[in-house]
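Colleague: Enclosed is the structure file upload.json (JSON, C-alpha atoms).
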```
[["chain", "number", "residue", "atom", "x", "y", "z"],
["A", 1, "MET", "CA", 0.00, 0.00, 0.00],
["A", 2, "ALA", "CA", 1.32, 3.44, -0.87],
["A", 3, "ALA", "CA", 1.88, 5.91, 1.94],
["A", 4, "LEU", "CA", -0.77, 8.49, 2.64],
["A", 5, "VAL", "CA", 0.86, 11.83, 1.83],
["A", 6, "LEU", "CA", -0.40, 14.85, 3.76],
["A", 7, "THR", "CA", 0.44, 18.52, 3.20],
["A", 8, "SER", "CA", 0.75, 19.40, 6.90],
["A", 9, "PRO", "CA", 0.34, 17.89, 10.36],
["A", 10, "GLN", "CA", -2.97, 19.73, 10.69],
["A", 11, "SER", "CA", -4.23, 17.57, 7.80],
["A", 12, "LEU", "CA", -4.33, 14.71, 10.29],
["A", 13, "LYS", "CA", -7.52, 16.23, 11.82],
["A", 14, "GLU", "CA", -9.66, 14.52, 9.19],
["A", 15, "LEU", "CA", -8.24, 11.12, 10.17],
["A", 16, "VAL", "CA", -8.96, 11.07, 13.90],
["A", 17, "GLY", "CA", -10.81, 7.86, 14.76],
["A", 18, "LYS", "CA", -9.97, 6.26, 11.41],
["A", 19, "GLU", "CA", -7.58, 3.62, 10.18],
["A", 20, "ILE", "CA", -4.84, 5.27, 8.15],
["A", 21, "GLY", "CA", -3.48, 2.15, 6.56],
["A", 22, "VAL", "CA", -1.81, -1.22, 6.66],
["A", 23, "THR", "CA", 1.83, -1.60, 5.69],
["A", 24, "GLU", "CA", 3.41, -4.14, 3.40],
["A", 25, "TRP", "CA", 4.79, -7.28, 5.03],
["A", 26, "PHE", "CA", 8.30, -6.98, 6.49],
["A", 27, "ARG", "CA", 10.51, -10.03, 7.09],
["A", 28, "VAL", "CA", 12.16, -10.31, 10.52],
["A", 29, "THR", "CA", 15.25, -12.39, 9.81],
["A", 30, "GLN", "CA", 17.43, -14.29, 12.24],
["A", 31, "GLY", "CA", 20.25, -11.96, 11.19],
["A", 32, "ARG", "CA", 18.28, -8.90, 12.26],
["A", 33, "ILE", "CA", 17.40, -10.60, 15.56],
["A", 34, "ALA", "CA", 21.09, -11.36, 16.16],
["A", 35, "GLN", "CA", 22.06, -7.76, 15.39],
["A", 36, "PHE", "CA", 19.44, -6.50, 17.84],
["A", 37, "ALA", "CA", 20.72, -8.93, 20.49],
["A", 38, "GLU", "CA", 24.23, -7.53, 20.06],
["A", 39, "ALA", "CA", 23.08, -3.90, 20.08],
["A", 40, "THR", "CA", 21.02, -4.33, 23.25],
["A", 41, "GLU", "CA", 23.21, -6.89, 25.06],
["A", 42, "ASP", "CA", 20.14, -9.17, 25.23],
["A", 43, "ARG", "CA", 21.45, -12.52, 24.03],
["A", 44, "GLN", "CA", 18.87, -14.77, 25.68],
["A", 45, "TRP", "CA", 18.95, -18.19, 24.00],
["A", 46, "ILE", "CA", 15.34, -17.98, 22.83],
["A", 47, "HIS", "CA", 16.47, -15.22, 20.44],
["A", 48, "VAL", "CA", 19.89, -16.41, 19.28],
["A", 49, "ASP", "CA", 20.35, -20.17, 19.78],
["A", 50, "ARG", "CA", 18.47, -21.93, 16.98],
["A", 51, "ALA", "CA", 19.45, -25.43, 18.07],
["A", 52, "ARG", "CA", 18.31, -24.92, 21.66],
["A", 53, "ALA", "CA", 15.15, -23.09, 20.59],
["A", 54, "SER", "CA", 14.18, -25.96, 18.30],
["A", 55, "LYS", "CA", 14.34, -28.33, 21.30],
["A", 56, "GLU", "CA", 13.27, -26.22, 24.29],
["A", 57, "SER", "CA", 11.24, -23.28, 23.07],
["A", 58, "PRO", "CA", 7.44, -23.55, 22.96],
["A", 59, "TYR", "CA", 7.71, -21.93, 19.51],
["A", 60, "GLY", "CA", 10.13, -24.49, 18.07],
["A", 61, "VAL", "CA", 12.29, -21.69, 16.64],
["A", 62, "THR", "CA", 14.02, -18.54, 17.81],
["A", 63, "ILE", "CA", 11.85, -15.48, 18.23],
["A", 64, "ALA", "CA", 12.35, -11.74, 17.88],
["A", 65, "HIS", "CA", 12.74, -9.57, 20.95],
["A", 66, "GLY", "CA", 9.55, -7.73, 21.80],
["A", 67, "PHE", "CA", 11.51, -4.50, 21.73],
["A", 68, "LEU", "CA", 12.80, -5.31, 18.23],
["A", 69, "THR", "CA", 9.22, -5.69, 17.05],
["A", 70, "LEU", "CA", 8.34, -2.42, 18.78],
["A", 71, "SER", "CA", 11.33, -0.60, 17.28],
["A", 72, "LEU", "CA", 10.29, -1.62, 13.75],
["A", 73, "MET", "CA", 7.11, 0.38, 14.28],
["A", 74, "SER", "CA", 8.94, 3.57, 13.29],
["A", 75, "HIS", "CA", 10.08, 2.16, 9.95],
["A", 76, "LEU", "CA", 6.69, 0.67, 9.16],
["A", 77, "MET", "CA", 4.91, 3.89, 10.12],
["A", 78, "SER", "CA", 7.09, 5.84, 7.67],
["A", 79, "THR", "CA", 5.66, 3.71, 4.87],
["A", 80, "THR", "CA", 2.09, 4.44, 6.01],
["A", 81, "VAL", "CA", 1.86, 8.21, 6.41],
["A", 82, "GLN", "CA", 4.15, 11.02, 5.30],
["A", 83, "ILE", "CA", 3.75, 14.71, 6.03],
["A", 84, "GLN", "CA", 5.29, 16.81, 3.28],
["A", 85, "GLY", "CA", 5.22, 20.29, 4.76],
["A", 86, "GLY", "CA", 4.88, 22.35, 7.90],
["A", 87, "VAL", "CA", 7.01, 20.06, 10.06],
["A", 88, "ARG", "CA", 10.33, 21.30, 11.38],
["A", 89, "LEU", "CA", 10.95, 18.14, 13.37],
["A", 90, "ALA", "CA", 9.03, 14.96, 14.18],
["A", 91, "VAL", "CA", 9.90, 13.10, 17.38],
["A", 92, "ASN", "CA", 8.88, 9.93, 19.13],
["A", 93, "TYR", "CA", 7.26, 11.38, 22.24],
["A", 94, "GLY", "CA", 6.42, 8.10, 23.92],
["A", 95, "LEU", "CA", 4.21, 5.07, 24.17],
["A", 96, "ASN", "CA", 1.14, 4.02, 26.12],
["A", 97, "ARG", "CA", -0.22, 0.54, 26.80],
["A", 98, "VAL", "CA", 2.41, -1.53, 25.01],
["A", 99, "ARG", "CA", 1.73, -5.27, 24.95],
["A", 100, "PHE", "CA", 3.26, -8.28, 23.16],
["A", 101, "PRO", "CA", 0.41, -10.83, 22.89],
["A", 102, "ALA", "CA", 2.23, -13.17, 20.48],
["A", 103, "ALA", "CA", 5.82, -13.97, 19.54],
["A", 104, "VAL", "CA", 7.39, -13.13, 16.18],
["A", 105, "ARG", "CA", 9.15, -16.22, 14.91],
["A", 106, "ALA", "CA", 12.52, -15.78, 13.20],
["A", 107, "ASP", "CA", 12.22, -15.39, 9.43],
["A", 108, "SER", "CA", 8.49, -14.63, 9.60],
["A", 109, "ARG", "CA", 6.81, -11.46, 8.38],
["A", 110, "ILE", "CA", 5.10, -8.65, 10.26],
["A", 111, "ARG", "CA", 3.10, -5.62, 9.24],
["A", 112, "ALA", "CA", 1.55, -2.65, 11.01],
["A", 113, "ARG", "CA", -2.08, -1.60, 11.06],
["A", 114, "VAL", "CA", -2.20, 2.11, 11.94],
["A", 115, "ALA", "CA", -5.13, 4.23, 13.14],
["A", 116, "LEU", "CA", -5.13, 7.78, 14.47],
["A", 117, "GLN", "CA", -6.69, 7.84, 17.94],
["A", 118, "ALA", "CA", -6.27, 11.49, 18.87],
["A", 119, "LEU", "CA", -4.76, 14.75, 17.73],
["A", 120, "GLN", "CA", -3.89, 17.68, 19.95],
["A", 121, "GLU", "CA", -2.68, 21.06, 18.79],
["A", 122, "LEU", "CA", -0.10, 22.58, 21.11],
["A", 123, "SER", "CA", 1.57, 25.99, 20.92],
["A", 124, "ASP", "CA", 4.65, 24.74, 19.06],
["A", 125, "SER", "CA", 3.56, 21.34, 17.78],
["A", 126, "VAL", "CA", 0.84, 18.90, 16.87],
["A", 127, "GLU", "CA", 0.70, 15.74, 18.97],
["A", 128, "ALA", "CA", -0.71, 12.62, 17.31],
["A", 129, "THR", "CA", -1.60, 9.45, 19.19],
["A", 130, "TYR", "CA", -1.59, 6.44, 16.90],
["A", 131, "ALA", "CA", -3.04, 3.02, 17.68],
["A", 132, "VAL", "CA", -0.62, 0.56, 16.12],
["A", 133, "THR", "CA", -1.21, -3.14, 15.84],
["A", 134, "MET", "CA", 1.76, -5.18, 14.69],
["A", 135, "GLU", "CA", 0.46, -8.32, 13.00],
["A", 136, "SER", "CA", 2.50, -11.47, 12.49],
["A", 137, "GLU", "CA", 1.72, -13.47, 9.38],
["A", 138, "GLY", "CA", -0.19, -16.64, 10.19],
["A", 139, "SER", "CA", -0.92, -15.67, 13.80],
["A", 140, "ASP", "CA", -4.38, -15.09, 15.21],
["A", 141, "LYS", "CA", -2.96, -12.75, 17.85],
["A", 142, "PRO", "CA", -1.08, -9.52, 17.21],
["A", 143, "ALA", "CA", 2.65, -9.46, 17.91],
["A", 144, "CYS", "CA", 2.46, -6.02, 19.50],
["A", 145, "VAL", "CA", -0.21, -3.45, 20.27],
["A", 146, "ALA", "CA", 0.66, 0.06, 21.35],
["A", 147, "GLU", "CA", -0.47, 3.63, 21.52],
["A", 148, "TRP", "CA", 2.35, 5.66, 20.00],
["A", 149, "ILE", "CA", 2.65, 9.40, 20.51],
["A", 150, "VAL", "CA", 4.43, 11.44, 17.85],
["A", 151, "ARG", "CA", 5.01, 15.17, 18.12],
["A", 152, "TYR", "CA", 5.27, 17.17, 14.93],
["A", 153, "TYR", "CA", 7.06, 20.44, 15.76],
["A", 154, "LEU", "CA", 5.99, 23.35, 13.55]]
```
Would you encode the structure as structure tokens?
Modeller:
Amino acid sequence: MAALVLTSPQSLKELVGKEIGVTEWFRVTQGRIAQFAEATEDRQWIHVDRARASKESPYGVTIAHGFLTLSLMSHLMSTTVQIQGGVRLAVNYGLNRVRFPAAVRADSRIRARVALQALQELSDSVEATYAVTMESEGSDKPACVAEWIVRYYL
């Protein structure tokens, strides 16, 4: 799906309470999981030891870190909505209600379903609260659900 292109952050007003879009599928490889493990010093065997995971893990394979799945939200969001003008700086302001209901198996694919929950105009910015559901291909449960707050500084 092509990104929704908006002329300004104020253009988001029309989208409050609506789904903005669903991203293309994105493969989460074992290589990416290993890189994340190194970057975060989180080398728990369920993420990096394929042989042990195949024997001892309830998933039968290694799985992505929940925080890796969460961190991919930014990339996936950039393919969903783009604001062309009126933004000096966009920042990740924070998250609410983050949960990881299902694991992301190594070498599987995820995508994000994005809706705009709320929009607040501040003196120097526009604050958007997105409801993001990270879906894992073939899973009945989402891999991650979160409310993500982005501030668009004018």
Colleague: A:Trp45, A:Tyr130, A:Phe67, A:Phe100: which is nearest A:Ile149, counting only C-alpha atoms?
Modeller: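 Among A:Trp45, A:Tyr130, A:Phe67, A:Phe100, it is A:Tyr130 that comes nearest to A:Ile149.
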Colleague: For A:Arg113, which residue out of A:Gln44, A:Gln10, A:Thr80, A:Ser125 is the nearest one, using all atoms listed in the file?
Modeller: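 Using all atoms listed in the file, A:Arg113 sits closest to A:Thr80.
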Colleague: Determine, using all atoms listed in the file, which residues of stretch 59-121 of chain A have any atom at most 8 Å from an atom of stretch 16-26 of chain A, and tabulate each with its shortest atom pair and distance in Å to one decimal place, rows ordered by chain and then rising number, as JSON lines.
Modeller:
```
{"residue": "A:Leu76", "atom": "CA", "partner": "A:Thr23", "partner_atom": "CA", "distance": 6.4}
{"residue": "A:Met77", "atom": "CA", "partner": "A:Thr23", "partner_atom": "CA", "distance": 7.7}
{"residue": "A:Thr79", "atom": "CA", "partner": "A:Thr23", "partner_atom": "CA", "distance": 6.6}
{"residue": "A:Thr80", "atom": "CA", "partner": "A:Gly21", "partner_atom": "CA", "distance": 6.0}
{"residue": "A:Val81", "atom": "CA", "partner": "A:Ile20", "partner_atom": "CA", "distance": 7.5}
{"residue": "A:Arg109", "atom": "CA", "partner": "A:Phe26", "partner_atom": "CA", "distance": 5.1}
{"residue": "A:Ile110", "atom": "CA", "partner": "A:Phe26", "partner_atom": "CA", "distance": 5.2}
{"residue": "A:Arg111", "atom": "CA", "partner": "A:Trp25", "partner_atom": "CA", "distance": 4.8}
{"residue": "A:Ala112", "atom": "CA", "partner": "A:Thr23", "partner_atom": "CA", "distance": 5.4}
{"residue": "A:Arg113", "atom": "CA", "partner": "A:Val22", "partner_atom": "CA", "distance": 4.4}
{"residue": "A:Val114", "atom": "CA", "partner": "A:Gly21", "partner_atom": "CA", "distance": 5.5}
{"residue": "A:Ala115", "atom": "CA", "partner": "A:Glu19", "partner_atom": "CA", "distance": 3.9}
{"residue": "A:Leu116", "atom": "CA", "partner": "A:Val16", "partner_atom": "CA", "distance": 5.1}
{"residue": "A:Gln117", "atom": "CA", "partner": "A:Gly17", "partner_atom": "CA", "distance": 5.2}
{"residue": "A:Ala118", "atom": "CA", "partner": "A:Val16", "partner_atom": "CA", "distance": 5.7}
{"residue": "A:Leu119", "atom": "CA", "partner": "A:Val16", "partner_atom": "CA", "distance": 6.8}
```
Colleague: Do a neighbour search on A:Asp107 at 12 Å with all atoms listed in the file, toss out local chain neighbours closer than 2 positions, and write the hits as an MDAnalysis selection string.
Modeller: chainID A and resid 25:34 47 50 61:64 104:105 109:110 136:137
Colleague: Would you place a box with edges along x, y and z of the file around all atoms of stretch 130-145 of chain A listed there, add 6 Å to each of its six sides, and report the centre and edge lengths in Å to one decimal, as JSON?
Modeller:
```
{"center_x": -0.9, "center_y": -5.1, "center_z": 14.8, "size_x": 19.0, "size_y": 35.1, "size_z": 22.9}
```
Colleague: Write out as a ChimeraX atom specification the residues lying within 7 Å of stretch 84-99 of chain A, counting all atoms listed in the file and excluding same-chain residues fewer than 6 positions away.
Modeller: /A:5-9,144-154
Colleague: Provide the atom CA of A:Gly138 to atom CA of A:Ile46 distance in Å, to one decimal place.
Modeller: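 Between atom CA of A:Gly138 and atom CA of A:Ile46 the gap is 20.1 Å.
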Colleague: Counting only C-alpha atoms, which residue out of A:Glu14, A:Glu135, A:Asp49, A:Glu56 sits closest to A:Ala103?
Modeller: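 The answer is A:Glu135, which sits nearest to A:Ala103.
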Colleague: Rounded to one decimal, what separation in Å do you get between atom CA of A:His75 and atom CA of A:Ser123?
Modeller: 27.6 Å
Colleague: Please reconstruct the missing atoms of stretch 56-79 of chain A (target: N, CA and C atoms) and return them as a PDB file, keeping the file's coordinate frame.
Modeller:
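Output below, filename rebuild.pdb:
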```
ATOM      1  N   GLU A  56      13.823 -26.649  23.008  1.00  0.00           N
ATOM      2  CA  GLU A  56      13.270 -26.220  24.290  1.00  0.00           C
ATOM      3  C   GLU A  56      12.213 -25.123  24.226  1.00  0.00           C
ATOM      4  N   SER A  57      12.181 -24.388  23.146  1.00  0.00           N
ATOM      5  CA  SER A  57      11.240 -23.280  23.070  1.00  0.00           C
ATOM      6  C   SER A  57       9.829 -23.775  22.739  1.00  0.00           C
ATOM      7  N   PRO A  58       8.822 -23.173  23.324  1.00  0.00           N
ATOM      8  CA  PRO A  58       7.440 -23.550  22.960  1.00  0.00           C
ATOM      9  C   PRO A  58       7.106 -23.186  21.517  1.00  0.00           C
ATOM     10  N   TYR A  59       7.944 -22.358  20.887  1.00  0.00           N
ATOM     11  CA  TYR A  59       7.710 -21.930  19.510  1.00  0.00           C
ATOM     12  C   TYR A  59       8.419 -22.819  18.496  1.00  0.00           C
ATOM     13  N   GLY A  60       9.384 -23.601  18.959  1.00  0.00           N
ATOM     14  CA  GLY A  60      10.130 -24.490  18.070  1.00  0.00           C
ATOM     15  C   GLY A  60      11.193 -23.805  17.245  1.00  0.00           C
ATOM     16  N   VAL A  61      11.295 -22.500  17.360  1.00  0.00           N
ATOM     17  CA  VAL A  61      12.290 -21.690  16.640  1.00  0.00           C
ATOM     18  C   VAL A  61      12.668 -20.508  17.519  1.00  0.00           C
ATOM     19  N   THR A  62      13.689 -19.784  17.110  1.00  0.00           N
ATOM     20  CA  THR A  62      14.020 -18.540  17.810  1.00  0.00           C
ATOM     21  C   THR A  62      12.939 -17.511  17.508  1.00  0.00           C
ATOM     22  N   ILE A  63      12.844 -16.535  18.394  1.00  0.00           N
ATOM     23  CA  ILE A  63      11.850 -15.480  18.230  1.00  0.00           C
ATOM     24  C   ILE A  63      12.513 -14.112  18.356  1.00  0.00           C
ATOM     25  N   ALA A  64      11.870 -13.121  17.778  1.00  0.00           N
ATOM     26  CA  ALA A  64      12.350 -11.740  17.880  1.00  0.00           C
ATOM     27  C   ALA A  64      12.105 -11.201  19.282  1.00  0.00           C
ATOM     28  N   HIS A  65      12.958 -10.306  19.708  1.00  0.00           N
ATOM     29  CA  HIS A  65      12.740  -9.570  20.950  1.00  0.00           C
ATOM     30  C   HIS A  65      11.470  -8.734  20.796  1.00  0.00           C
ATOM     31  N   GLY A  66      10.713  -8.613  21.853  1.00  0.00           N
ATOM     32  CA  GLY A  66       9.550  -7.730  21.800  1.00  0.00           C
ATOM     33  C   GLY A  66       9.950  -6.317  21.443  1.00  0.00           C
ATOM     34  N   PHE A  67      11.067  -5.865  22.007  1.00  0.00           N
ATOM     35  CA  PHE A  67      11.510  -4.500  21.730  1.00  0.00           C
ATOM     36  C   PHE A  67      11.989  -4.337  20.287  1.00  0.00           C
ATOM     37  N   LEU A  68      12.457  -5.392  19.654  1.00  0.00           N
ATOM     38  CA  LEU A  68      12.800  -5.310  18.230  1.00  0.00           C
ATOM     39  C   LEU A  68      11.510  -5.080  17.436  1.00  0.00           C
ATOM     40  N   THR A  69      10.503  -5.861  17.730  1.00  0.00           N
ATOM     41  CA  THR A  69       9.220  -5.690  17.050  1.00  0.00           C
ATOM     42  C   THR A  69       8.708  -4.267  17.244  1.00  0.00           C
ATOM     43  N   LEU A  70       8.777  -3.782  18.473  1.00  0.00           N
ATOM     44  CA  LEU A  70       8.340  -2.420  18.780  1.00  0.00           C
ATOM     45  C   LEU A  70       9.160  -1.393  18.008  1.00  0.00           C
ATOM     46  N   SER A  71      10.464  -1.584  17.945  1.00  0.00           N
ATOM     47  CA  SER A  71      11.330  -0.600  17.280  1.00  0.00           C
ATOM     48  C   SER A  71      11.074  -0.536  15.774  1.00  0.00           C
ATOM     49  N   LEU A  72      10.592  -1.616  15.185  1.00  0.00           N
ATOM     50  CA  LEU A  72      10.290  -1.620  13.750  1.00  0.00           C
ATOM     51  C   LEU A  72       9.038  -0.804  13.428  1.00  0.00           C
ATOM     52  N   MET A  73       8.299  -0.430  14.460  1.00  0.00           N
ATOM     53  CA  MET A  73       7.110   0.380  14.280  1.00  0.00           C
ATOM     54  C   MET A  73       7.431   1.688  13.558  1.00  0.00           C
ATOM     55  N   SER A  74       8.547   2.290  13.896  1.00  0.00           N
ATOM     56  CA  SER A  74       8.940   3.570  13.290  1.00  0.00           C
ATOM     57  C   SER A  74       9.134   3.416  11.787  1.00  0.00           C
ATOM     58  N   HIS A  75       9.862   2.386  11.381  1.00  0.00           N
ATOM     59  CA  HIS A  75      10.080   2.160   9.950  1.00  0.00           C
ATOM     60  C   HIS A  75       8.756   1.893   9.237  1.00  0.00           C
ATOM     61  N   LEU A  76       7.954   1.013   9.803  1.00  0.00           N
ATOM     62  CA  LEU A  76       6.690   0.670   9.160  1.00  0.00           C
ATOM     63  C   LEU A  76       5.761   1.876   9.076  1.00  0.00           C
ATOM     64  N   MET A  77       5.743   2.691  10.122  1.00  0.00           N
ATOM     65  CA  MET A  77       4.910   3.890  10.120  1.00  0.00           C
ATOM     66  C   MET A  77       5.319   4.837   8.987  1.00  0.00           C
ATOM     67  N   SER A  78       6.615   4.933   8.718  1.00  0.00           N
ATOM     68  CA  SER A  78       7.090   5.840   7.670  1.00  0.00           C
ATOM     69  C   SER A  78       6.598   5.418   6.286  1.00  0.00           C
ATOM     70  N   THR A  79       6.199   4.174   6.152  1.00  0.00           N
ATOM     71  CA  THR A  79       5.660   3.710   4.870  1.00  0.00           C
ATOM     72  C   THR A  79       4.139   3.860   4.822  1.00  0.00           C
TER      73      THR A  79
END
```
